[in-house]
file run04.pdb (PDB, C-alpha atoms and all ligand atoms)
ATOM      1  CA  MET J   1     140.641  72.433 122.280
ATOM      2  CA  THR J   2     142.193  69.090 123.080
ATOM      3  CA  LYS J   3     139.261  66.768 122.359
ATOM      4  CA  THR J   4     139.132  65.418 118.838
ATOM      5  CA  ASP J   5     137.169  67.716 116.597
ATOM      6  CA  THR J   6     136.106  65.497 113.709
ATOM      7  CA  VAL J   7     133.843  68.177 112.223
ATOM      8  CA  LEU J   8     136.780  70.574 112.038
ATOM      9  CA  ASP J   9     138.931  67.811 110.494
ATOM     10  CA  GLU J  10     136.288  67.267 107.805
ATOM     11  CA  ALA J  11     136.063  70.995 107.143
ATOM     12  CA  THR J  12     139.860  71.170 106.881
ATOM     13  CA  GLU J  13     139.950  68.351 104.320
ATOM     14  CA  GLN J  14     137.173  70.008 102.321
ATOM     15  CA  VAL J  15     139.072  73.324 102.166
ATOM     16  CA  ARG J  16     142.289  71.505 101.167
ATOM     17  CA  ARG J  17     140.534  69.690  98.331
ATOM     18  CA  ALA J  18     139.043  72.959  97.078
ATOM     19  CA  ARG J  19     142.442  74.693  97.178
ATOM     20  CA  VAL J  20     143.841  71.924  94.953
ATOM     21  CA  GLU J  21     140.967  71.774  92.455
ATOM     22  CA  LYS J  22     139.513  75.035  91.199
ATOM     23  CA  CYS J  23     136.211  73.390  90.208
ATOM     24  CA  LYS J  24     135.540  72.744  93.892
ATOM     25  CA  ARG J  25     135.613  76.493  94.667
ATOM     26  CA  PRO J  26     132.474  78.633  94.602
ATOM     27  CA  THR J  27     132.019  81.909  92.745
ATOM     28  CA  ILE J  28     131.168  84.665  95.228
ATOM     29  CA  ALA J  29     129.684  88.134  94.882
ATOM     30  CA  GLY J  30     129.370  90.440  97.897
ATOM     31  CA  PHE J  31     126.624  93.074  98.186
ATOM     32  CA  PHE J  32     127.350  95.822 100.694
ATOM     33  CA  ASP J  33     124.481  97.652 102.391
ATOM     34  CA  GLU J  34     125.837 100.967 103.604
ATOM     35  CA  ALA J  35     122.810 101.708 105.830
ATOM     36  CA  THR J  36     123.517  98.690 108.059
ATOM     37  CA  ASN J  37     127.164  97.892 107.134
ATOM     38  CA  THR J  38     126.006  94.396 106.156
ATOM     39  CA  ILE J  39     127.454  92.237 103.413
ATOM     40  CA  SER J  40     125.122  89.728 101.751
ATOM     41  CA  TYR J  41     126.619  87.161  99.406
ATOM     42  CA  VAL J  42     125.484  85.237  96.385
ATOM     43  CA  VAL J  43     127.576  82.070  96.335
ATOM     44  CA  HIS J  44     127.293  79.704  93.414
ATOM     45  CA  ASP J  45     128.633  76.528  91.932
ATOM     46  CA  PRO J  46     130.068  77.451  88.502
ATOM     47  CA  ALA J  47     129.370  73.930  87.193
ATOM     48  CA  THR J  48     125.639  73.725  87.963
ATOM     49  CA  ARG J  49     124.810  77.424  88.605
ATOM     50  CA  GLN J  50     123.077  76.510  91.854
ATOM     51  CA  ALA J  51     123.276  79.375  94.325
ATOM     52  CA  ALA J  52     122.904  80.256  97.985
ATOM     53  CA  ILE J  53     122.147  83.772  99.237
ATOM     54  CA  THR J  54     123.485  84.646 102.674
ATOM     55  CA  ASP J  55     122.269  87.280 105.157
ATOM     56  CA  SER J  56     120.096  89.321 102.801
ATOM     57  CA  VAL J  57     118.850  92.779 103.798
ATOM     58  CA  LEU J  58     115.356  94.258 103.628
ATOM     59  CA  ASP J  59     115.626  98.055 103.606
ATOM     60  CA  TYR J  60     113.803  99.583 106.565
ATOM     61  CA  GLU J  61     113.415 103.217 107.479
ATOM     62  CA  ALA J  62     112.888 103.450 111.211
ATOM     63  CA  ALA J  63     111.342 106.932 111.216
ATOM     64  CA  SER J  64     108.536 106.049 108.803
ATOM     65  CA  GLY J  65     108.335 102.317 109.512
ATOM     66  CA  ARG J  66     108.555 101.744 105.769
ATOM     67  CA  THR J  67     110.252  98.766 104.104
ATOM     68  CA  SER J  68     111.628  98.655 100.565
ATOM     69  CA  ASN J  69     113.429  96.167  98.387
ATOM     70  CA  SER J  70     116.258  98.000  96.641
ATOM     71  CA  SER J  71     118.992  95.899  98.327
ATOM     72  CA  ALA J  72     117.154  92.671  97.529
ATOM     73  CA  ASP J  73     116.501  93.857  93.962
ATOM     74  CA  ARG J  74     120.263  94.186  93.364
ATOM     75  CA  ILE J  75     120.616  90.544  94.347
ATOM     76  CA  ILE J  76     117.757  89.477  92.079
ATOM     77  CA  GLU J  77     119.361  91.356  89.164
ATOM     78  CA  TYR J  78     122.653  89.540  89.749
ATOM     79  CA  VAL J  79     120.945  86.141  90.024
ATOM     80  CA  ASP J  80     119.057  86.794  86.770
ATOM     81  CA  ALA J  81     122.090  88.182  84.926
ATOM     82  CA  HIS J  82     124.113  85.062  85.788
ATOM     83  CA  ALA J  83     121.238  82.634  85.182
ATOM     84  CA  LEU J  84     121.526  81.136  88.674
ATOM     85  CA  SER J  85     119.004  78.893  90.367
ATOM     86  CA  VAL J  86     118.706  79.663  94.066
ATOM     87  CA  ALA J  87     118.681  76.587  96.290
ATOM     88  CA  TRP J  88     119.231  78.268  99.676
ATOM     89  CA  HIS J  89     118.720  81.401 101.704
ATOM     90  CA  ILE J  90     121.096  81.177 104.619
ATOM     91  CA  GLU J  91     121.141  83.224 107.810
ATOM     92  CA  THR J  92     124.368  83.021 109.794
ATOM     93  CA  HIS J  93     122.241  84.074 112.824
ATOM     94  CA  ALA J  94     119.193  86.154 113.773
ATOM     95  CA  HIS J  95     120.562  89.626 113.073
ATOM     96  CA  ALA J  96     119.999  92.555 115.398
ATOM     97  CA  ASP J  97     120.970  95.284 112.947
ATOM     98  CA  HIS J  98     118.890  94.625 109.830
ATOM     99  CA  ILE J  99     115.728  92.846 108.764
ATOM    100  CA  SER J 100     116.203  89.790 106.568
ATOM    101  CA  ALA J 101     114.891  89.888 103.006
ATOM    102  CA  ALA J 102     114.771  86.083 102.836
ATOM    103  CA  PRO J 103     110.943  85.745 102.550
ATOM    104  CA  PHE J 104     110.845  88.349  99.748
ATOM    105  CA  LEU J 105     113.728  86.668  97.902
ATOM    106  CA  GLN J 106     112.231  83.212  98.425
ATOM    107  CA  GLU J 107     109.011  84.376  96.834
ATOM    108  CA  LYS J 108     110.866  85.822  93.829
ATOM    109  CA  LEU J 109     113.598  83.206  93.401
ATOM    110  CA  GLY J 110     112.543  80.041  95.259
ATOM    111  CA  GLY J 111     114.933  78.200  97.569
ATOM    112  CA  LYS J 112     114.865  77.006 101.165
ATOM    113  CA  LEU J 113     115.567  79.102 104.261
ATOM    114  CA  GLY J 114     118.127  77.739 106.738
ATOM    115  CA  ILE J 115     119.531  78.896 110.081
ATOM    116  CA  GLY J 116     121.282  77.304 113.080
ATOM    117  CA  ARG J 117     119.222  75.208 115.497
ATOM    118  CA  GLY J 118     120.198  77.693 118.238
ATOM    119  CA  ILE J 119     117.454  79.943 116.818
ATOM    120  CA  ILE J 120     115.069  78.062 119.121
ATOM    121  CA  LYS J 121     116.877  79.512 122.163
ATOM    122  CA  VAL J 122     116.867  82.959 120.568
ATOM    123  CA  GLN J 123     113.126  82.655 119.845
ATOM    124  CA  ASP J 124     112.516  81.738 123.465
ATOM    125  CA  VAL J 125     114.481  84.714 124.859
ATOM    126  CA  PHE J 126     113.049  87.294 122.460
ATOM    127  CA  GLY J 127     109.579  85.733 122.356
ATOM    128  CA  LYS J 128     109.412  86.523 126.079
ATOM    129  CA  LEU J 129     110.902  90.007 125.671
ATOM    130  CA  PHE J 130     108.337  90.923 123.009
ATOM    131  CA  ASN J 131     105.545  89.098 124.865
ATOM    132  CA  ALA J 132     104.730  87.239 121.666
ATOM    133  CA  GLY J 133     101.511  85.234 121.998
ATOM    134  CA  THR J 134     101.141  81.486 121.805
ATOM    135  CA  ASP J 135     100.700  81.829 118.010
ATOM    136  CA  PHE J 136     104.454  82.518 117.836
ATOM    137  CA  GLN J 137     105.983  79.056 117.596
ATOM    138  CA  ARG J 138     109.298  78.848 119.433
ATOM    139  CA  ASP J 139     110.443  75.704 117.635
ATOM    140  CA  GLY J 140     112.228  77.051 114.568
ATOM    141  CA  SER J 141     109.301  75.998 112.350
ATOM    142  CA  GLN J 142     109.427  79.349 110.506
ATOM    143  CA  PHE J 143     112.572  78.019 108.786
ATOM    144  CA  ASP J 144     112.862  75.168 106.265
ATOM    145  CA  ARG J 145     116.049  73.762 107.779
ATOM    146  CA  LEU J 146     117.735  74.000 111.170
ATOM    147  CA  PHE J 147     121.454  73.294 110.931
ATOM    148  CA  ASP J 148     123.534  71.448 113.497
ATOM    149  CA  ASP J 149     127.314  71.384 113.812
ATOM    150  CA  GLY J 150     128.766  69.140 111.097
ATOM    151  CA  ASP J 151     125.722  69.269 108.802
ATOM    152  CA  SER J 152     126.094  69.529 105.057
ATOM    153  CA  PHE J 153     123.684  70.953 102.503
ATOM    154  CA  ALA J 154     123.403  70.440  98.754
ATOM    155  CA  LEU J 155     124.732  73.226  96.542
ATOM    156  CA  GLY J 156     125.358  71.821  93.082
ATOM    157  CA  GLU J 157     128.553  69.788  93.078
ATOM    158  CA  LEU J 158     130.266  71.815  95.789
ATOM    159  CA  GLU J 159     131.182  70.370  99.163
ATOM    160  CA  THR J 160     129.669  72.151 102.148
ATOM    161  CA  ILE J 161     129.872  71.856 105.909
ATOM    162  CA  VAL J 162     128.328  73.890 108.702
ATOM    163  CA  LEU J 163     130.093  74.795 111.963
ATOM    164  CA  HIS J 164     128.293  75.951 115.114
ATOM    165  CA  VAL J 165     130.148  79.063 116.283
ATOM    166  CA  PRO J 166     128.165  80.529 119.199
ATOM    167  CA  GLY J 167     129.212  83.487 121.326
ATOM    168  CA  HIS J 168     127.838  86.534 119.503
ATOM    169  CA  THR J 169     124.452  84.780 119.799
ATOM    170  CA  PRO J 170     123.597  81.126 120.566
ATOM    171  CA  ALA J 171     122.488  80.538 116.956
ATOM    172  CA  ASP J 172     125.609  81.600 115.050
ATOM    173  CA  MET J 173     126.780  79.216 112.353
ATOM    174  CA  ALA J 174     129.667  79.418 109.885
ATOM    175  CA  PHE J 175     128.919  78.005 106.442
ATOM    176  CA  ILE J 176     131.924  76.561 104.653
ATOM    177  CA  ILE J 177     131.431  76.132 100.925
ATOM    178  CA  GLY J 178     134.460  74.690  99.126
ATOM    179  CA  ASP J 179     137.375  76.803 100.399
ATOM    180  CA  ALA J 180     135.206  79.768 101.449
ATOM    181  CA  ALA J 181     133.926  80.240 104.998
ATOM    182  CA  PHE J 182     131.020  82.602 105.628
ATOM    183  CA  VAL J 183     131.745  83.392 109.228
ATOM    184  CA  GLY J 184     128.816  85.673 110.098
ATOM    185  CA  ASP J 185     129.361  87.809 113.192
ATOM    186  CA  THR J 186     132.412  86.171 114.707
ATOM    187  CA  MET J 187     135.445  87.969 113.288
ATOM    188  CA  PHE J 188     135.535  91.197 111.338
ATOM    189  CA  MET J 189     138.471  92.444 109.230
ATOM    190  CA  PRO J 190     141.826  92.005 111.021
ATOM    191  CA  ASP J 191     142.135  95.757 111.661
ATOM    192  CA  PHE J 192     138.650  95.927 113.252
ATOM    193  CA  GLY J 193     138.607  92.773 115.357
ATOM    194  CA  THR J 194     135.562  90.799 116.418
ATOM    195  CA  ALA J 195     131.797  90.935 116.951
ATOM    196  CA  ARG J 196     130.207  91.993 120.240
ATOM    197  CA  ALA J 197     129.139  89.303 122.690
ATOM    198  CA  ASP J 198     126.727  91.199 124.937
ATOM    199  CA  PHE J 199     123.355  90.443 123.357
ATOM    200  CA  PRO J 200     121.028  88.137 125.331
ATOM    201  CA  GLY J 201     122.572  84.656 125.111
ATOM    202  CA  GLY J 202     125.981  86.045 124.056
ATOM    203  CA  ASP J 203     129.219  84.937 125.754
ATOM    204  CA  ALA J 204     132.699  86.359 125.122
ATOM    205  CA  GLY J 205     134.557  83.193 126.165
ATOM    206  CA  GLN J 206     132.390  81.098 123.882
ATOM    207  CA  LEU J 207     132.984  83.593 121.041
ATOM    208  CA  PHE J 208     136.750  83.298 121.550
ATOM    209  CA  ARG J 209     136.598  79.501 121.377
ATOM    210  CA  SER J 210     134.407  79.614 118.258
ATOM    211  CA  ILE J 211     136.805  82.006 116.535
ATOM    212  CA  ARG J 212     139.864  79.951 117.449
ATOM    213  CA  ARG J 213     138.083  76.914 116.039
ATOM    214  CA  LEU J 214     137.575  78.749 112.726
ATOM    215  CA  LEU J 215     141.212  79.865 112.787
ATOM    216  CA  ALA J 216     142.283  76.215 113.001
ATOM    217  CA  LEU J 217     141.147  75.837 109.370
ATOM    218  CA  PRO J 218     143.928  75.903 106.737
ATOM    219  CA  ASP J 219     145.778  79.239 106.438
ATOM    220  CA  GLU J 220     144.516  79.837 102.919
ATOM    221  CA  THR J 221     140.807  79.399 103.783
ATOM    222  CA  ARG J 222     138.948  82.398 102.368
ATOM    223  CA  LEU J 223     136.904  84.165 105.045
ATOM    224  CA  PHE J 224     133.870  86.259 104.111
ATOM    225  CA  LEU J 225     132.585  88.608 106.775
ATOM    226  CA  CYS J 226     129.077  89.781 107.464
ATOM    227  CA  HIS J 227     129.841  93.387 108.426
ATOM    228  CA  ASP J 228     132.466  96.030 107.877
ATOM    229  CA  TYR J 229     132.770  99.442 109.512
ATOM    230  CA  LYS J 230     136.120 100.482 107.984
ATOM    231  CA  ALA J 231     138.819 100.955 110.666
ATOM    232  CA  PRO J 232     141.204 103.693 111.787
ATOM    233  CA  GLY J 233     143.501 104.331 108.831
ATOM    234  CA  ARG J 234     141.326 102.429 106.335
ATOM    235  CA  ASP J 235     138.992 104.416 104.134
ATOM    236  CA  VAL J 236     137.387 101.699 102.034
ATOM    237  CA  TYR J 237     135.022  98.923 103.017
ATOM    238  CA  ALA J 238     136.436  95.379 102.910
ATOM    239  CA  TRP J 239     134.947  91.982 103.672
ATOM    240  CA  GLU J 240     137.259  89.235 102.449
ATOM    241  CA  THR J 241     140.311  87.981 104.317
ATOM    242  CA  THR J 242     142.016  84.660 105.124
ATOM    243  CA  VAL J 243     142.727  82.521 108.160
ATOM    244  CA  ARG J 244     146.412  83.416 107.848
ATOM    245  CA  GLN J 245     145.720  87.164 107.858
ATOM    246  CA  GLN J 246     143.486  86.828 110.924
ATOM    247  CA  ARG J 247     145.989  84.704 112.821
ATOM    248  CA  GLU J 248     148.827  87.104 112.032
ATOM    249  CA  GLY J 249     147.066  90.383 112.552
ATOM    250  CA  ASN J 250     143.539  90.394 114.027
ATOM    251  CA  VAL J 251     143.655  93.135 116.636
ATOM    252  CA  HIS J 252     141.499  91.094 119.047
ATOM    253  CA  VAL J 253     142.262  87.433 118.359
ATOM    254  CA  LYS J 254     145.596  87.041 116.576
ATOM    255  CA  ASP J 255     147.774  84.133 117.645
ATOM    256  CA  GLY J 256     149.065  84.554 121.183
ATOM    257  CA  VAL J 257     145.999  86.292 122.645
ATOM    258  CA  THR J 258     144.595  84.200 125.518
ATOM    259  CA  GLU J 259     140.921  83.587 126.198
ATOM    260  CA  GLU J 260     141.246  85.533 129.445
ATOM    261  CA  GLU J 261     142.741  88.558 127.686
ATOM    262  CA  PHE J 262     140.098  88.405 124.976
ATOM    263  CA  VAL J 263     137.187  88.164 127.427
ATOM    264  CA  ALA J 264     138.473  91.139 129.463
ATOM    265  CA  MET J 265     138.929  93.233 126.299
ATOM    266  CA  ARG J 266     135.568  92.171 124.769
ATOM    267  CA  ASN J 267     133.528  92.776 127.907
ATOM    268  CA  ALA J 268     135.138  96.181 128.507
ATOM    269  CA  ARG J 269     134.506  97.217 124.921
ATOM    270  CA  ASP J 270     130.938  95.869 124.842
ATOM    271  CA  ALA J 271     130.108  97.943 127.928
ATOM    272  CA  THR J 272     130.736 101.078 125.825
ATOM    273  CA  LEU J 273     128.554 100.066 122.838
ATOM    274  CA  SER J 274     124.977 101.220 122.456
ATOM    275  CA  MET J 275     122.285  98.899 121.067
ATOM    276  CA  PRO J 276     122.102  98.771 117.243
ATOM    277  CA  ALA J 277     119.607 101.333 115.887
ATOM    278  CA  LEU J 278     117.376  98.665 114.344
ATOM    279  CA  ILE J 279     117.557  95.984 117.065
ATOM    280  CA  MET J 280     113.842  96.124 117.938
ATOM    281  CA  PRO J 281     112.410  95.722 114.439
ATOM    282  CA  SER J 282     115.238  93.399 113.345
ATOM    283  CA  VAL J 283     115.045  90.830 116.113
ATOM    284  CA  GLN J 284     111.256  90.859 116.214
ATOM    285  CA  VAL J 285     111.036  90.104 112.502
ATOM    286  CA  ASN J 286     114.110  87.882 112.100
ATOM    287  CA  ILE J 287     113.047  85.390 114.783
ATOM    288  CA  ARG J 288     109.977  84.881 112.567
ATOM    289  CA  GLY J 289     112.174  83.979 109.598
ATOM    290  CA  GLY J 290     112.012  87.576 108.314
ATOM    291  CA  ARG J 291     108.212  87.726 108.274
ATOM    292  CA  LEU J 292     106.490  90.784 109.704
ATOM    293  CA  PRO J 293     104.157  90.198 112.669
ATOM    294  CA  GLU J 294     100.571  89.328 111.607
ATOM    295  CA  PRO J 295      98.564  92.443 110.651
ATOM    296  CA  GLU J 296      96.004  93.608 113.241
ATOM    297  CA  GLU J 297      92.293  93.817 112.375
ATOM    298  CA  ASN J 298      92.871  97.126 110.519
ATOM    299  CA  GLY J 299      95.236  95.330 108.161
ATOM    300  CA  VAL J 300      98.413  97.029 109.470
ATOM    301  CA  ALA J 301     101.373  95.101 110.936
ATOM    302  CA  TYR J 302     102.993  96.661 114.011
ATOM    303  CA  ILE J 303     106.498  96.486 115.443
ATOM    304  CA  LYS J 304     106.546  96.563 119.248
ATOM    305  CA  ILE J 305     109.105  98.322 121.427
ATOM    306  CA  PRO J 306     109.509  96.975 124.973
ATOM    307  CA  VAL J 307     110.146  99.968 127.235
ATOM    308  CA  ASN J 308     112.938  99.704 129.830
ATOM    309  CA  ALA J 309     113.223  95.963 129.242
ATOM    310  CA  LEU J 310     116.490  95.523 127.324
TER
HETATM  311 FE    FE J 401     124.866  90.039 114.391
END
call {"tool": "encode", "arguments": {"input": "run04.pdb", "output": "structure tokens", "more": "lines below"}}
Ligand SMILES: [Fe+2]
result
Amino acid sequence: MTKTDTVLDEATEQVRRARVEKCKRPTIAGFFDEATNTISYVVHDPATRQAAITDSVLDYEAASGRTSNSSADRIIEYVDAHALSVAWHIETHAHADHISAAPFLQEKLGGKLGIGRGIIKVQDVFGKLFNAGTDFQRDGSQFDRLFDDGDSFALGELETIVLHVPGHTPADMAFIIGDAAFVGDTMFMPDFGTARADFPGGDAGQLFRSIRRLLALPDETRLFLCHDYKAPGRDVYAWETTVRQQREGNVHVKDGVTEEEFVAMRNARDATLSMPALIMPSVQVNIRGGRLPEPEENGVAYIKIPVNAL
């Protein structure tokens, strides 16, 4: 990227300041959901105890169509035990592999729900796929805040900045809080590589450029990932790494890999992947801010499955 990237410069300065002064760094707890390989985080400002919850998971059993809250309850227990006040529920994007627990957590803990402005595009694409009626607003109004590149949000006394990192989906955002970047589905652990780019609206070249933008942050930036699947030779789950580790060793995007090489690799690999098991319920609910479709006249909410459409 040759054009001046002032948002990236601001993010870089923020990370540098937080590396110098410990009080500018957030406290972070990761919650791993083994059923969907998702990591949700509770991120808080130690000075004010204000917290943000990222990419929460509502448990959903596909066979029975039953939801439950045990993953969300673990988060609530942590928030209570540490006497945190929740200011934000943040989605790095509209997930295709799990249903968000944000509405449930908002009801229990308060806080606003935020996502990238690209959700409007995602709502349009999937609103059509699911033949959602005119009652389904495709304007992002199901969320309290739509983030743009360079936006900041209040989290106690911590500095924050949001980067638009499309490619996996058009709505992907990275949330940088102090020296910690929550990178959603862009990169995974260095030994696993990167996220797929073949969902509707995805683009491998765009994903490469987004990742390289994140890897232009200072080497010591802490990166927190949204998923982990282990990797050949690694038997434990992991979700924290650094810019330096990614640049030196990410099997897909380490320094020296060109966009052309990445796109060829990513497209070839994506062609072998099947759709995530929970894509239909997840997308349908997550584009509504995690709310189930309105119940029908018998009081039951239904999840639709488009046949031969995806
Ligand atoms: Fe995703």
call {"tool": "resolve_selection", "arguments": {"input": "run04.pdb", "expression": "the PyMOL selection byres (((not hetatm)) within 8 of (chain J and resi 401))", "output": "PDB file with C-alpha atoms, in the coordinates of the input"}}
result
ATOM      1  CA  HIS J  93     122.241  84.074 112.824  1.00  0.00           C
ATOM      2  CA  ALA J  94     119.193  86.154 113.773  1.00  0.00           C
ATOM      3  CA  HIS J  95     120.562  89.626 113.073  1.00  0.00           C
ATOM      4  CA  ALA J  96     119.999  92.555 115.398  1.00  0.00           C
ATOM      5  CA  ASP J  97     120.970  95.284 112.947  1.00  0.00           C
ATOM      6  CA  HIS J 168     127.838  86.534 119.503  1.00  0.00           C
ATOM      7  CA  THR J 169     124.452  84.780 119.799  1.00  0.00           C
ATOM      8  CA  GLY J 184     128.816  85.673 110.098  1.00  0.00           C
ATOM      9  CA  ASP J 185     129.361  87.809 113.192  1.00  0.00           C
ATOM     10  CA  ALA J 195     131.797  90.935 116.951  1.00  0.00           C
TER      11      ALA J 195
END
call {"tool": "residues_around", "arguments": {"input": "run04.pdb", "residues": "His252 in chain J", "least_positions_apart": "4", "cutoff": "9 Å", "atoms": "all atoms listed in the file", "output": "list in words"}}
result
Met187, Pro190, Asp191, Phe192, Gly193, Thr194, Val257, Phe262, Met265 and Arg266 of chain J
call {"tool": "write_last_selection", "arguments": {"input": "run04.pdb", "atoms": "C-alpha atoms", "output": "compact mmCIF listing (two decimals), in the coordinates of the input"}}
result
# COMPACT_ATOMS: atom_id res chain seq x y z
CA MET J 187 135.44 87.97 113.29
CA PRO J 190 141.83 92.00 111.02
CA ASP J 191 142.14 95.76 111.66
CA PHE J 192 138.65 95.93 113.25
CA GLY J 193 138.61 92.77 115.36
CA THR J 194 135.56 90.80 116.42
CA VAL J 257 146.00 86.29 122.64
CA PHE J 262 140.10 88.40 124.98
CA MET J 265 138.93 93.23 126.30
CA ARG J 266 135.57 92.17 124.77
call {"tool": "closest_atom_pairs", "arguments": {"input": "run04.pdb", "of": "range 158-177 of chain J", "to": "range 50-62 of chain J", "cutoff": "10 Å", "atoms": "all atoms listed in the file", "output": "Markdown table"}}
result
| residue | atom | partner | partner_atom | distance |
| --- | --- | --- | --- | --- |
| J:Leu158 | CA | J:Gln50 | CA | 9.4 |
| J:Phe175 | CA | J:Thr54 | CA | 9.4 |
| J:Ile177 | CA | J:Ala52 | CA | 9.9 |
call {"tool": "closest_atom_pairs", "arguments": {"input": "run04.pdb", "of": "range 52-96 of chain J", "to": "range 115-124 of chain J", "cutoff": "7 Å", "atoms": "only C-alpha atoms", "output": "Markdown table"}}
result
| residue | atom | partner | partner_atom | distance |
| --- | --- | --- | --- | --- |
| J:Ile90 | CA | J:Ile115 | CA | 6.1 |
| J:Glu91 | CA | J:Ile115 | CA | 5.1 |
| J:Thr92 | CA | J:Ile115 | CA | 6.4 |
| J:His93 | CA | J:Ile115 | CA | 6.5 |
call {"tool": "resolve_selection", "arguments": {"input": "run04.pdb", "expression": "the PyMOL selection byres (((chain J and resi 29-32) around 10) and not hetatm)", "output": "mmCIF file with C-alpha atoms, in the coordinates of the input"}}
result
data_model
loop_
_atom_site.group_PDB
_atom_site.id
_atom_site.type_symbol
_atom_site.label_atom_id
_atom_site.label_comp_id
_atom_site.auth_asym_id
_atom_site.auth_seq_id
_atom_site.Cartn_x
_atom_site.Cartn_y
_atom_site.Cartn_z
ATOM 1 C CA PRO J 26 132.474 78.633 94.602
ATOM 2 C CA THR J 27 132.019 81.909 92.745
ATOM 3 C CA ILE J 28 131.168 84.665 95.228
ATOM 4 C CA ASP J 33 124.481 97.652 102.391
ATOM 5 C CA GLU J 34 125.837 100.967 103.604
ATOM 6 C CA ALA J 35 122.810 101.708 105.830
ATOM 7 C CA THR J 36 123.517 98.690 108.059
ATOM 8 C CA ASN J 37 127.164 97.892 107.134
ATOM 9 C CA THR J 38 126.006 94.396 106.156
ATOM 10 C CA ILE J 39 127.454 92.237 103.413
ATOM 11 C CA SER J 40 125.122 89.728 101.751
ATOM 12 C CA TYR J 41 126.619 87.161 99.406
ATOM 13 C CA VAL J 42 125.484 85.237 96.385
ATOM 14 C CA VAL J 43 127.576 82.070 96.335
ATOM 15 C CA HIS J 44 127.293 79.704 93.414
ATOM 16 C CA ILE J 53 122.147 83.772 99.237
ATOM 17 C CA THR J 54 123.485 84.646 102.674
ATOM 18 C CA SER J 56 120.096 89.321 102.801
ATOM 19 C CA VAL J 57 118.850 92.779 103.798
ATOM 20 C CA SER J 71 118.992 95.899 98.327
ATOM 21 C CA ALA J 72 117.154 92.671 97.529
ATOM 22 C CA ARG J 74 120.263 94.186 93.364
ATOM 23 C CA ILE J 75 120.616 90.544 94.347
ATOM 24 C CA TYR J 78 122.653 89.540 89.749
ATOM 25 C CA PHE J 224 133.870 86.259 104.111
ATOM 26 C CA LEU J 225 132.585 88.608 106.775
ATOM 27 C CA CYS J 226 129.077 89.781 107.464
ATOM 28 C CA HIS J 227 129.841 93.387 108.426
ATOM 29 C CA ASP J 228 132.466 96.030 107.877
ATOM 30 C CA TYR J 237 135.022 98.923 103.017
ATOM 31 C CA ALA J 238 136.436 95.379 102.910
ATOM 32 C CA TRP J 239 134.947 91.982 103.672
ATOM 33 C CA GLU J 240 137.259 89.235 102.449
#
